[in-house]
>>> print(open('query_1.cif').read())   # mmCIF, C-alpha atoms
data_entry
#
loop_
_atom_site.group_PDB
_atom_site.id
_atom_site.type_symbol
_atom_site.label_atom_id
_atom_site.label_comp_id
_atom_site.auth_asym_id
_atom_site.auth_seq_id
_atom_site.Cartn_x
_atom_site.Cartn_y
_atom_site.Cartn_z
ATOM 1 C CA MET A 1 17.720 -28.569 -51.715
ATOM 2 C CA GLU A 2 17.214 -31.665 -49.588
ATOM 3 C CA PHE A 3 15.885 -35.119 -50.426
ATOM 4 C CA HIS A 4 13.910 -37.232 -47.963
ATOM 5 C CA GLY A 5 12.797 -40.696 -48.999
ATOM 6 C CA ILE A 6 13.274 -43.016 -51.937
ATOM 7 C CA LEU A 7 14.548 -41.373 -55.119
ATOM 8 C CA PHE A 8 12.187 -42.236 -57.976
ATOM 9 C CA PHE A 9 13.571 -42.755 -61.494
ATOM 10 C CA PRO A 10 10.630 -43.032 -63.921
ATOM 11 C CA VAL A 11 10.869 -44.982 -67.144
ATOM 12 C CA THR A 12 10.215 -43.250 -70.454
ATOM 13 C CA PRO A 13 7.211 -44.919 -72.123
ATOM 14 C CA PHE A 14 7.158 -45.469 -75.879
ATOM 15 C CA ASP A 15 4.090 -46.200 -77.991
ATOM 16 C CA ASP A 16 3.778 -48.866 -80.679
ATOM 17 C CA ALA A 17 5.389 -46.522 -83.208
ATOM 18 C CA GLY A 18 8.370 -45.932 -80.927
ATOM 19 C CA ARG A 19 7.394 -42.383 -79.970
ATOM 20 C CA VAL A 20 7.521 -41.034 -76.416
ATOM 21 C CA ASP A 21 4.065 -41.553 -74.896
ATOM 22 C CA LEU A 22 3.520 -38.549 -72.643
ATOM 23 C CA ASP A 23 0.074 -39.640 -71.484
ATOM 24 C CA VAL A 24 1.435 -42.924 -70.163
ATOM 25 C CA LEU A 25 4.381 -41.064 -68.622
ATOM 26 C CA ALA A 26 1.960 -38.779 -66.780
ATOM 27 C CA ALA A 27 0.031 -41.788 -65.487
ATOM 28 C CA HIS A 28 3.266 -43.502 -64.424
ATOM 29 C CA VAL A 29 4.600 -40.495 -62.518
ATOM 30 C CA GLY A 30 1.231 -39.638 -61.010
ATOM 31 C CA SER A 31 0.691 -43.165 -59.737
ATOM 32 C CA ARG A 32 3.956 -43.100 -57.776
ATOM 33 C CA LEU A 33 3.662 -39.679 -56.150
ATOM 34 C CA PRO A 34 1.205 -40.893 -53.465
ATOM 35 C CA PHE A 35 4.030 -43.142 -52.228
ATOM 36 C CA ALA A 36 5.986 -39.985 -51.302
ATOM 37 C CA PRO A 37 9.253 -40.279 -53.231
ATOM 38 C CA GLY A 38 11.994 -37.963 -52.037
ATOM 39 C CA GLY A 39 12.653 -36.774 -55.588
ATOM 40 C CA VAL A 40 11.672 -37.564 -59.172
ATOM 41 C CA PHE A 41 14.455 -38.001 -61.743
ATOM 42 C CA PRO A 42 12.998 -38.002 -65.294
ATOM 43 C CA ALA A 43 15.087 -38.592 -68.417
ATOM 44 C CA CYS A 44 17.940 -40.171 -66.483
ATOM 45 C CA GLY A 45 19.386 -43.685 -66.672
ATOM 46 C CA THR A 46 16.170 -45.611 -66.010
ATOM 47 C CA GLY A 47 14.446 -43.167 -68.355
ATOM 48 C CA GLU A 48 16.816 -44.177 -71.196
ATOM 49 C CA ILE A 49 18.385 -40.755 -71.621
ATOM 50 C CA HIS A 50 21.007 -42.397 -73.835
ATOM 51 C CA ALA A 51 18.256 -43.073 -76.389
ATOM 52 C CA LEU A 52 16.351 -39.761 -76.232
ATOM 53 C CA SER A 53 16.729 -36.699 -78.410
ATOM 54 C CA VAL A 54 16.955 -33.335 -76.675
ATOM 55 C CA ALA A 55 13.416 -32.553 -77.818
ATOM 56 C CA GLU A 56 12.143 -35.832 -76.368
ATOM 57 C CA ALA A 57 13.964 -35.288 -73.086
ATOM 58 C CA ARG A 58 12.498 -31.791 -72.899
ATOM 59 C CA SER A 59 8.974 -33.169 -73.289
ATOM 60 C CA VAL A 60 9.612 -35.844 -70.642
ATOM 61 C CA VAL A 61 10.841 -33.246 -68.158
ATOM 62 C CA ARG A 62 7.968 -30.869 -68.929
ATOM 63 C CA THR A 63 5.356 -33.600 -68.436
ATOM 64 C CA THR A 64 6.954 -34.764 -65.201
ATOM 65 C CA VAL A 65 7.114 -31.235 -63.798
ATOM 66 C CA ASP A 66 3.485 -30.613 -64.745
ATOM 67 C CA VAL A 67 2.318 -33.795 -63.014
ATOM 68 C CA VAL A 68 4.345 -33.139 -59.865
ATOM 69 C CA ARG A 69 3.275 -29.503 -59.540
ATOM 70 C CA ALA A 70 -0.403 -30.433 -59.991
ATOM 71 C CA SER A 71 -0.211 -33.218 -57.408
ATOM 72 C CA GLU A 72 -0.694 -33.205 -53.651
ATOM 73 C CA ARG A 73 3.110 -33.142 -53.359
ATOM 74 C CA PRO A 74 3.980 -30.144 -55.559
ATOM 75 C CA GLY A 75 7.239 -29.477 -53.729
ATOM 76 C CA THR A 76 8.780 -32.829 -54.627
ATOM 77 C CA PRO A 77 12.102 -32.005 -56.350
ATOM 78 C CA VAL A 78 12.328 -32.836 -60.059
ATOM 79 C CA VAL A 79 15.898 -33.558 -61.188
ATOM 80 C CA ALA A 80 16.497 -33.923 -64.927
ATOM 81 C CA GLY A 81 19.338 -35.757 -66.622
ATOM 82 C CA ALA A 82 22.052 -33.985 -68.629
ATOM 83 C CA GLY A 83 24.995 -35.756 -70.206
ATOM 84 C CA GLY A 84 26.518 -37.218 -73.340
ATOM 85 C CA SER A 85 28.392 -34.962 -75.714
ATOM 86 C CA LEU A 86 29.064 -31.553 -74.204
ATOM 87 C CA GLY A 87 26.831 -29.862 -76.758
ATOM 88 C CA THR A 88 23.974 -32.220 -75.981
ATOM 89 C CA ALA A 89 24.503 -31.848 -72.237
ATOM 90 C CA LEU A 90 24.359 -28.054 -72.466
ATOM 91 C CA GLU A 91 21.130 -28.222 -74.472
ATOM 92 C CA LEU A 92 19.629 -30.658 -71.971
ATOM 93 C CA ALA A 93 20.589 -28.397 -69.069
ATOM 94 C CA ARG A 94 18.968 -25.351 -70.644
ATOM 95 C CA ALA A 95 15.875 -27.322 -71.622
ATOM 96 C CA ALA A 96 15.487 -28.640 -68.066
ATOM 97 C CA GLN A 97 15.571 -25.108 -66.685
ATOM 98 C CA ASP A 98 13.086 -23.907 -69.300
ATOM 99 C CA GLU A 99 10.679 -26.700 -68.376
ATOM 100 C CA GLY A 100 10.785 -26.045 -64.647
ATOM 101 C CA ALA A 101 13.124 -28.715 -63.272
ATOM 102 C CA ASP A 102 14.691 -28.057 -59.883
ATOM 103 C CA ALA A 103 18.149 -29.546 -60.508
ATOM 104 C CA LEU A 104 20.278 -31.596 -62.884
ATOM 105 C CA LEU A 105 21.890 -35.005 -62.609
ATOM 106 C CA ILE A 106 25.074 -34.841 -64.708
ATOM 107 C CA LEU A 107 25.625 -38.169 -66.427
ATOM 108 C CA PRO A 108 28.947 -39.153 -68.035
ATOM 109 C CA PRO A 109 30.105 -38.103 -71.500
ATOM 110 C CA TYR A 110 29.764 -40.804 -74.148
ATOM 111 C CA LEU A 111 32.629 -42.896 -75.564
ATOM 112 C CA VAL A 112 35.596 -40.765 -74.522
ATOM 113 C CA GLN A 113 37.253 -40.459 -71.155
ATOM 114 C CA GLY A 114 39.547 -37.503 -70.612
ATOM 115 C CA PRO A 115 41.939 -36.727 -67.771
ATOM 116 C CA MET A 116 40.511 -35.682 -64.424
ATOM 117 C CA ALA A 117 40.947 -31.985 -65.177
ATOM 118 C CA GLY A 118 38.889 -32.367 -68.341
ATOM 119 C CA THR A 119 36.119 -34.248 -66.547
ATOM 120 C CA VAL A 120 35.924 -31.522 -63.920
ATOM 121 C CA THR A 121 35.715 -28.910 -66.689
ATOM 122 C CA TYR A 122 32.894 -30.928 -68.307
ATOM 123 C CA VAL A 123 30.876 -30.734 -65.087
ATOM 124 C CA GLU A 124 31.639 -27.047 -64.589
ATOM 125 C CA ALA A 125 30.540 -26.222 -68.142
ATOM 126 C CA ILE A 126 27.187 -27.957 -67.647
ATOM 127 C CA ALA A 127 26.720 -26.304 -64.261
ATOM 128 C CA ALA A 128 27.326 -22.914 -65.878
ATOM 129 C CA ALA A 129 24.794 -23.560 -68.665
ATOM 130 C CA SER A 130 21.756 -22.994 -66.442
ATOM 131 C CA ASP A 131 20.761 -21.604 -63.071
ATOM 132 C CA LEU A 132 20.024 -25.096 -61.746
ATOM 133 C CA PRO A 133 22.075 -26.845 -59.051
ATOM 134 C CA VAL A 134 23.727 -30.070 -60.162
ATOM 135 C CA ILE A 135 24.431 -33.543 -58.813
ATOM 136 C CA VAL A 136 27.511 -35.339 -60.137
ATOM 137 C CA TYR A 137 27.103 -38.965 -61.252
ATOM 138 C CA HIS A 138 30.287 -40.949 -60.610
ATOM 139 C CA ARG A 139 30.315 -43.782 -63.156
ATOM 140 C CA GLY A 140 31.354 -44.782 -66.670
ATOM 141 C CA GLY A 141 33.523 -42.113 -68.279
ATOM 142 C CA ALA A 142 33.130 -39.738 -65.321
ATOM 143 C CA ARG A 143 35.060 -41.176 -62.381
ATOM 144 C CA PHE A 144 36.179 -38.602 -59.870
ATOM 145 C CA THR A 145 39.001 -38.486 -57.370
ATOM 146 C CA ALA A 146 38.567 -37.057 -53.888
ATOM 147 C CA ASP A 147 40.608 -34.004 -54.905
ATOM 148 C CA ALA A 148 38.405 -33.445 -57.946
ATOM 149 C CA MET A 149 35.267 -33.577 -55.839
ATOM 150 C CA VAL A 150 36.749 -31.092 -53.385
ATOM 151 C CA GLN A 151 37.399 -28.794 -56.340
ATOM 152 C CA LEU A 152 33.821 -29.211 -57.580
ATOM 153 C CA ALA A 153 32.384 -28.770 -54.087
ATOM 154 C CA ALA A 154 33.909 -25.284 -54.042
ATOM 155 C CA ASN A 155 31.168 -24.416 -56.548
ATOM 156 C CA PRO A 156 27.924 -23.864 -54.577
ATOM 157 C CA LYS A 157 25.909 -25.043 -57.578
ATOM 158 C CA VAL A 158 27.339 -28.563 -57.165
ATOM 159 C CA ILE A 159 25.122 -29.978 -54.425
ATOM 160 C CA GLY A 160 25.531 -33.742 -54.595
ATOM 161 C CA PHE A 161 27.497 -36.851 -55.521
ATOM 162 C CA LYS A 162 25.939 -40.069 -56.754
ATOM 163 C CA ASP A 163 28.159 -43.152 -56.784
ATOM 164 C CA GLY A 164 27.605 -45.692 -59.540
ATOM 165 C CA THR A 165 30.964 -47.503 -59.455
ATOM 166 C CA GLY A 166 30.789 -49.584 -56.292
ATOM 167 C CA ASP A 167 34.315 -48.655 -55.226
ATOM 168 C CA VAL A 168 33.458 -48.211 -51.559
ATOM 169 C CA GLY A 169 36.979 -47.198 -50.555
ATOM 170 C CA LEU A 170 37.019 -44.322 -53.031
ATOM 171 C CA ALA A 171 33.434 -43.396 -52.143
ATOM 172 C CA GLN A 172 34.463 -43.145 -48.499
ATOM 173 C CA GLU A 173 37.445 -40.970 -49.392
ATOM 174 C CA ILE A 174 35.228 -38.653 -51.411
ATOM 175 C CA ALA A 175 32.584 -38.368 -48.689
ATOM 176 C CA LEU A 176 35.196 -37.546 -46.059
ATOM 177 C CA ALA A 177 37.022 -35.062 -48.285
ATOM 178 C CA VAL A 178 33.870 -33.156 -49.244
ATOM 179 C CA ARG A 179 32.653 -33.046 -45.654
ATOM 180 C CA ALA A 180 35.995 -31.606 -44.619
ATOM 181 C CA THR A 181 35.270 -28.593 -46.855
ATOM 182 C CA GLY A 182 32.418 -27.603 -44.548
ATOM 183 C CA ARG A 183 29.715 -28.131 -47.179
ATOM 184 C CA GLY A 184 26.922 -29.155 -44.818
ATOM 185 C CA ASP A 185 24.383 -28.928 -47.646
ATOM 186 C CA PHE A 186 26.170 -31.464 -49.861
ATOM 187 C CA GLN A 187 24.278 -34.750 -50.324
ATOM 188 C CA PHE A 188 25.513 -38.246 -51.161
ATOM 189 C CA PHE A 189 23.632 -40.949 -53.053
ATOM 190 C CA ASN A 190 24.076 -44.635 -53.780
ATOM 191 C CA GLY A 191 23.389 -44.951 -57.494
ATOM 192 C CA LEU A 192 24.341 -48.570 -58.122
ATOM 193 C CA LEU A 193 21.941 -50.818 -60.008
ATOM 194 C CA THR A 194 19.280 -52.192 -57.663
ATOM 195 C CA ALA A 195 20.791 -50.023 -54.951
ATOM 196 C CA GLU A 196 18.768 -51.620 -52.168
ATOM 197 C CA LEU A 197 21.145 -54.593 -52.211
ATOM 198 C CA THR A 198 24.156 -52.406 -51.361
ATOM 199 C CA GLN A 199 22.570 -49.627 -49.334
ATOM 200 C CA GLY A 200 23.446 -51.184 -45.991
ATOM 201 C CA ALA A 201 27.105 -50.682 -46.866
ATOM 202 C CA TYR A 202 26.586 -47.189 -48.289
ATOM 203 C CA ARG A 203 24.818 -46.032 -45.157
ATOM 204 C CA GLY A 204 27.995 -46.956 -43.300
ATOM 205 C CA LEU A 205 29.962 -44.701 -45.666
ATOM 206 C CA GLY A 206 27.797 -41.722 -44.777
ATOM 207 C CA MET A 207 25.697 -41.956 -47.954
ATOM 208 C CA PRO A 208 22.136 -42.324 -46.666
ATOM 209 C CA LEU A 209 20.245 -41.682 -49.924
ATOM 210 C CA TYR A 210 19.721 -44.162 -52.736
ATOM 211 C CA SER A 211 18.051 -44.313 -56.111
ATOM 212 C CA SER A 212 15.428 -46.999 -56.645
ATOM 213 C CA ALA A 213 14.505 -48.266 -60.078
ATOM 214 C CA ALA A 214 12.413 -50.906 -58.282
ATOM 215 C CA PHE A 215 10.218 -48.113 -56.893
ATOM 216 C CA ALA A 216 9.169 -47.296 -60.460
ATOM 217 C CA MET A 217 8.017 -50.903 -60.956
ATOM 218 C CA ALA A 218 6.840 -52.027 -57.506
ATOM 219 C CA PRO A 219 6.548 -49.126 -55.029
ATOM 220 C CA GLU A 220 4.929 -51.185 -52.271
ATOM 221 C CA ILE A 221 7.889 -53.556 -52.169
ATOM 222 C CA ALA A 222 10.364 -50.681 -52.371
ATOM 223 C CA LEU A 223 8.675 -48.969 -49.439
ATOM 224 C CA VAL A 224 8.749 -52.110 -47.301
ATOM 225 C CA HIS A 225 12.507 -52.107 -47.737
ATOM 226 C CA TYR A 226 12.775 -48.368 -47.131
ATOM 227 C CA ARG A 227 10.680 -48.547 -43.974
ATOM 228 C CA ALA A 228 12.943 -51.238 -42.520
ATOM 229 C CA TYR A 229 16.030 -49.325 -43.659
ATOM 230 C CA SER A 230 14.946 -45.985 -42.202
ATOM 231 C CA GLU A 231 13.865 -47.580 -38.909
ATOM 232 C CA GLY A 232 17.109 -49.510 -38.555
ATOM 233 C CA ASP A 233 15.269 -52.855 -38.543
ATOM 234 C CA GLU A 234 18.011 -54.995 -40.060
ATOM 235 C CA GLU A 235 16.110 -58.260 -39.780
ATOM 236 C CA ALA A 236 13.192 -56.823 -41.746
ATOM 237 C CA ARG A 237 15.501 -55.157 -44.267
ATOM 238 C CA LEU A 238 17.374 -58.383 -44.953
ATOM 239 C CA ALA A 239 14.102 -60.273 -45.261
ATOM 240 C CA ALA A 240 12.998 -57.856 -48.005
ATOM 241 C CA LEU A 241 16.303 -58.328 -49.787
ATOM 242 C CA ASP A 242 15.993 -62.098 -49.596
ATOM 243 C CA ALA A 243 12.365 -62.196 -50.729
ATOM 244 C CA PHE A 244 12.594 -59.833 -53.675
ATOM 245 C CA TYR A 245 15.832 -57.990 -54.393
ATOM 246 C CA ARG A 246 18.271 -60.897 -54.393
ATOM 247 C CA PRO A 247 16.332 -62.905 -57.014
ATOM 248 C CA LEU A 248 15.731 -59.710 -59.006
ATOM 249 C CA VAL A 249 19.475 -59.046 -59.137
ATOM 250 C CA ARG A 250 20.170 -62.605 -60.289
ATOM 251 C CA LEU A 251 17.735 -62.099 -63.163
ATOM 252 C CA ARG A 252 19.076 -58.617 -63.885
ATOM 253 C CA ASP A 253 22.597 -59.934 -64.235
ATOM 254 C CA GLN A 254 21.635 -62.363 -66.999
ATOM 255 C CA THR A 255 21.586 -59.671 -69.699
ATOM 256 C CA PRO A 256 23.312 -56.271 -70.023
ATOM 257 C CA GLY A 257 20.861 -53.407 -69.687
ATOM 258 C CA PHE A 258 18.298 -55.332 -67.662
ATOM 259 C CA GLY A 259 18.534 -52.713 -64.917
ATOM 260 C CA VAL A 260 16.160 -50.780 -67.196
ATOM 261 C CA SER A 261 14.543 -53.518 -69.300
ATOM 262 C CA LEU A 262 13.164 -55.438 -66.318
ATOM 263 C CA ILE A 263 11.581 -52.316 -64.858
ATOM 264 C CA LYS A 264 9.700 -51.590 -68.066
ATOM 265 C CA ALA A 265 8.737 -55.248 -68.372
ATOM 266 C CA GLY A 266 7.415 -55.257 -64.811
ATOM 267 C CA LEU A 267 5.315 -52.199 -65.537
ATOM 268 C CA ARG A 268 3.898 -53.896 -68.632
ATOM 269 C CA LEU A 269 3.059 -56.958 -66.517
ATOM 270 C CA SER A 270 1.167 -54.646 -64.160
ATOM 271 C CA GLY A 271 -0.926 -53.362 -67.068
ATOM 272 C CA LEU A 272 0.797 -50.042 -67.779
ATOM 273 C CA PRO A 273 1.670 -49.920 -71.518
ATOM 274 C CA VAL A 274 5.133 -48.363 -71.283
ATOM 275 C CA GLY A 275 6.369 -50.141 -74.407
ATOM 276 C CA SER A 276 9.730 -51.692 -75.113
ATOM 277 C CA VAL A 277 13.205 -50.360 -74.494
ATOM 278 C CA ARG A 278 15.084 -48.716 -77.331
ATOM 279 C CA PRO A 279 18.219 -50.289 -78.838
ATOM 280 C CA PRO A 280 20.836 -51.207 -77.873
ATOM 281 C CA LEU A 281 18.835 -52.455 -74.865
ATOM 282 C CA VAL A 282 16.634 -55.523 -75.350
ATOM 283 C CA ASP A 283 13.456 -56.807 -73.742
ATOM 284 C CA PRO A 284 13.341 -59.964 -71.615
ATOM 285 C CA SER A 285 12.646 -63.305 -73.265
ATOM 286 C CA PRO A 286 9.371 -65.118 -72.498
ATOM 287 C CA ALA A 287 11.179 -67.312 -69.963
ATOM 288 C CA GLN A 288 12.708 -64.256 -68.308
ATOM 289 C CA LEU A 289 9.296 -62.567 -68.191
ATOM 290 C CA ASP A 290 7.899 -65.628 -66.434
ATOM 291 C CA GLU A 291 10.719 -65.425 -63.889
ATOM 292 C CA LEU A 292 10.113 -61.703 -63.379
ATOM 293 C CA GLN A 293 6.430 -62.420 -62.776
ATOM 294 C CA ARG A 294 7.361 -64.974 -60.107
ATOM 295 C CA ILE A 295 9.720 -62.486 -58.458
ATOM 296 C CA LEU A 296 7.041 -59.782 -58.399
ATOM 297 C CA GLU A 297 4.542 -62.232 -56.930
ATOM 298 C CA ALA A 298 7.039 -63.207 -54.243
ATOM 299 C CA GLY A 299 7.587 -59.542 -53.469
ATOM 300 C CA ALA A 300 3.852 -58.912 -53.228
ATOM 301 C CA ALA A 301 3.488 -61.902 -50.903
ATOM 302 C CA HIS A 302 6.217 -60.495 -48.689
ATOM 303 C CA VAL A 303 4.447 -57.123 -48.555
ATOM 304 C CA ALA A 304 1.235 -58.888 -47.537
ATOM 305 C CA ARG A 305 3.016 -60.817 -44.775
ATOM 306 C CA VAL A 306 4.648 -57.781 -43.206
ATOM 307 C CA GLY A 307 1.828 -55.306 -43.755
ATOM 308 C CA GLY A 308 3.177 -53.088 -46.486
ATOM 309 C CA PRO A 309 2.535 -49.367 -46.740
ATOM 310 C CA THR A 310 -0.237 -47.945 -48.893
ATOM 311 C CA PRO A 311 -0.428 -44.538 -50.575
#
>>> encode(input="query_1.cif", output="structure tokens")
Amino acid sequence: MEFHGILFFPVTPFDDAGRVDLDVLAAHVGSRLPFAPGGVFPACGTGEIHALSVAEARSVVRTTVDVVRASERPGTPVVAGAGGSLGTALELARAAQDEGADALLILPPYLVQGPMAGTVTYVEAIAAASDLPVIVYHRGGARFTADAMVQLAANPKVIGFKDGTGDVGLAQEIALAVRATGRGDFQFFNGLLTAELTQGAYRGLGMPLYSSAAFAMAPEIALVHYRAYSEGDEEARLAALDAFYRPLVRLRDQTPGFGVSLIKAGLRLSGLPVGSVRPPLVDPSPAQLDELQRILEAGAAHVARVGGPTP
């Protein structure tokens, strides 16, 4: 499995009663597919997997798969989240396979952090729970050493590594160590919050792919950045960062969890009723919403100046 393009992490919409709104989810996913994402990752971090039941996650994955397969880009990979307690992760893995996902993103276990051998066993158990290939997410309670990733790379079902820690020295060690195993099919991702701001550095580490929560909220702006990035136009890439991503990160850093909350708020500002985030995340204040609106307007103005892509 290969990924080409921005990795799209949809939000999970909730209705006024707090239930998953599958119709809005279908509209959200369908509206982004014409922008040619390299993969769709439902029920992952931006999709608030921490707050979903297994049954809800199953329905999110099923809806996403249905929309992708019925679209003009039916081959776009769908990668579902699996993590938390081992029992929950195993159920999520099996549900994702049942609902037609192409792969799993293994998120960290909750609360506890075991020794490296135990974390490796956690990944191997989830990988064994379904026929799906898996991508390892390096963050929180699942932080891997280079040796551990070499051990996991010996399993052909482990096809990728997504870094969410920002330790570039360790990320470089891991990339070099896995490449030395001869796994030419293994893929590396930058999974930091608002990854566009750090992707210049991650490209230098040999990690050319990145996840984009901003794509879920403002795909035109995300594609302006990606176009400059993929063409090696550093002046244009830095201009996109300065116009949109740098102020977005400043706002994001005001409140824990805003890496998700701002994306849902931006979608609401655009007219898509995705609802609020679930606790313990919180929505932006009125003043923060006003600032987000200004940031989105600045991003749209930048797209207009440079001639942004259209679906």
>>> closest_residue(input="query_1.cif", among="A:Leu25, A:Ala214, A:Leu7, A:Ala236", to="A:Leu262", atoms="only C-alpha atoms")
A:Ala214
>>> atom_distance(input="query_1.cif", atom1="atom CA of A:Arg237", atom2="atom CA of A:Asp290")
25.7 Å
>>> atom_distance(input="query_1.cif", atom1="atom CA of A:Arg58", atom2="atom CA of A:Lys264")
20.6 Å
>>> residues_around(input="query_1.cif", residues="A:Ile263", least_positions_apart="5", cutoff="9 Å", atoms="all atoms listed in the file", output="number ranges by chain")
A: 11, 46, 213-214, 216-218, 258, 268
>>> closest_atom_pairs(input="query_1.cif", of="stretch 252-292 of chain A", to="stretch 185-204 of chain A", cutoff="10 Å", atoms="all atoms listed in the file", output="Markdown table")
| residue | atom | partner | partner_atom | distance |
| --- | --- | --- | --- | --- |
| A:Arg252 | CA | A:Thr194 | CA | 8.9 |
| A:Phe258 | CA | A:Leu193 | CA | 9.6 |
| A:Gly259 | CA | A:Leu193 | CA | 6.3 |
| A:Val260 | CA | A:Leu193 | CA | 9.2 |
>>> closest_residue(input="query_1.cif", among="A:Gly257, A:Gly83, A:Gly141, A:Pro247", to="A:Val277", atoms="only C-alpha atoms")
A:Gly257
>>> closest_residue(input="query_1.cif", among="A:Ala117, A:Val134, A:Leu205, A:Ala55", to="A:Val78", atoms="only C-alpha atoms")
A:Val134
>>> resolve_selection(input="query_1.cif", expression="the PyMOL selection byres ((chain A and resi 103) around 6)", output="list in words")
Val79, Ala101, Asp102, Leu104, Leu132, Pro133 and Val134 of chain A
>>> resolve_selection(input="query_1.cif", expression="the PyMOL selection byres ((chain A and resi 21) around 12)", output="number ranges by chain")
A: 11-20, 22-28, 56-57, 59-60, 63, 272-276
>>> residues_around(input="query_1.cif", residues="A:Val136", least_positions_apart="2", cutoff="8 Å", atoms="only C-alpha atoms", output="compact mmCIF listing (two decimals) with C-alpha atoms, in the frame of the given file")
# COMPACT_ATOMS: atom_id res chain seq x y z
CA LEU A 105 21.89 -35.01 -62.61
CA ILE A 106 25.07 -34.84 -64.71
CA LEU A 107 25.62 -38.17 -66.43
CA VAL A 123 30.88 -30.73 -65.09
CA VAL A 134 23.73 -30.07 -60.16
CA HIS A 138 30.29 -40.95 -60.61
CA VAL A 158 27.34 -28.56 -57.16
CA GLY A 160 25.53 -33.74 -54.60
CA PHE A 161 27.50 -36.85 -55.52
CA LYS A 162 25.94 -40.07 -56.75
>>> atom_distance(input="query_1.cif", atom1="atom CA of A:Glu72", atom2="atom CA of A:His4")
16.2 Å
>>> closest_residue(input="query_1.cif", among="A:Ala96, A:Leu292, A:Val40, A:Ile49", to="A:Gly75", atoms="all atoms listed in the file")
A:Val40
>>> closest_residue(input="query_1.cif", among="A:Ser285, A:Ser130, A:Gln97, A:Ser261", to="A:Val65", atoms="only C-alpha atoms")
A:Gln97
>>> residues_near_point(input="query_1.cif", point="(15.2, -36.3, -65.0)", cutoff="6 Å", atoms="only C-alpha atoms", output="short mmCIF file (atom, residue, chain, number, x, y, z; two decimals) with C-alpha atoms, keeping the file's coordinate frame")
data_model
loop_
_atom_site.label_atom_id
_atom_site.label_comp_id
_atom_site.auth_asym_id
_atom_site.auth_seq_id
_atom_site.Cartn_x
_atom_site.Cartn_y
_atom_site.Cartn_z
CA PHE A 41 14.46 -38.00 -61.74
CA PRO A 42 13.00 -38.00 -65.29
CA ALA A 43 15.09 -38.59 -68.42
CA CYS A 44 17.94 -40.17 -66.48
CA VAL A 79 15.90 -33.56 -61.19
CA ALA A 80 16.50 -33.92 -64.93
CA GLY A 81 19.34 -35.76 -66.62
#
>>> residues_near_point(input="query_1.cif", point="(41.2, -39.8, -56.3)", cutoff="10 Å", atoms="only C-alpha atoms", output="VMD selection string")
chain A and resid 116 143 to 149 170 to 171 173 to 174
>>> closest_residue(input="query_1.cif", among="A:Asp131, A:Pro286, A:Val303, A:Pro256", to="A:Leu241", atoms="all atoms listed in the file")
A:Val303
>>> axis_aligned_box(input="query_1.cif", around="stretch 206-217 of chain A", padding_each_side="4 Å", output="lines of an AutoDock Vina configuration file")
center_x = 17.9
center_y = -46.3
center_z = -52.9
size_x = 27.8
size_y = 17.2
size_z = 24.2
>>> build_atoms(input="query_1.cif", residues="stretch 12-23 of chain A", atoms="N, CA and C atoms", output="mmCIF file, in the coordinates of the input")
data_model
loop_
_atom_site.group_PDB
_atom_site.id
_atom_site.type_symbol
_atom_site.label_atom_id
_atom_site.label_comp_id
_atom_site.auth_asym_id
_atom_site.auth_seq_id
_atom_site.Cartn_x
_atom_site.Cartn_y
_atom_site.Cartn_z
ATOM 1 N N THR A 12 10.795 -44.046 -69.371
ATOM 2 C CA THR A 12 10.215 -43.250 -70.454
ATOM 3 C C THR A 12 9.374 -44.175 -71.322
ATOM 4 N N PRO A 13 8.055 -44.031 -71.315
ATOM 5 C CA PRO A 13 7.211 -44.919 -72.123
ATOM 6 C C PRO A 13 7.301 -44.581 -73.610
ATOM 7 N N PHE A 14 7.222 -45.627 -74.423
ATOM 8 C CA PHE A 14 7.158 -45.469 -75.879
ATOM 9 C C PHE A 14 5.901 -46.166 -76.390
ATOM 10 N N ASP A 15 5.277 -45.567 -77.407
ATOM 11 C CA ASP A 15 4.090 -46.200 -77.991
ATOM 12 C C ASP A 15 4.487 -47.224 -79.042
ATOM 13 N N ASP A 16 3.500 -47.791 -79.722
ATOM 14 C CA ASP A 16 3.778 -48.866 -80.679
ATOM 15 C C ASP A 16 4.607 -48.383 -81.863
ATOM 16 N N ALA A 17 4.586 -47.083 -82.123
ATOM 17 C CA ALA A 17 5.389 -46.522 -83.208
ATOM 18 C C ALA A 17 6.761 -46.072 -82.732
ATOM 19 N N GLY A 18 7.068 -46.293 -81.456
ATOM 20 C CA GLY A 18 8.370 -45.932 -80.927
ATOM 21 C C GLY A 18 8.489 -44.500 -80.454
ATOM 22 N N ARG A 19 7.372 -43.772 -80.418
ATOM 23 C CA ARG A 19 7.394 -42.383 -79.970
ATOM 24 C C ARG A 19 7.203 -42.308 -78.456
ATOM 25 N N VAL A 20 7.734 -41.249 -77.846
ATOM 26 C CA VAL A 20 7.521 -41.034 -76.416
ATOM 27 C C VAL A 20 6.028 -40.847 -76.166
ATOM 28 N N ASP A 21 5.491 -41.616 -75.223
ATOM 29 C CA ASP A 21 4.065 -41.553 -74.896
ATOM 30 C C ASP A 21 3.900 -40.735 -73.622
ATOM 31 N N LEU A 22 3.588 -39.463 -73.784
ATOM 32 C CA LEU A 22 3.520 -38.549 -72.643
ATOM 33 C C LEU A 22 2.316 -38.814 -71.754
ATOM 34 N N ASP A 23 1.239 -39.320 -72.307
ATOM 35 C CA ASP A 23 0.074 -39.640 -71.484
ATOM 36 C C ASP A 23 0.392 -40.785 -70.526
#
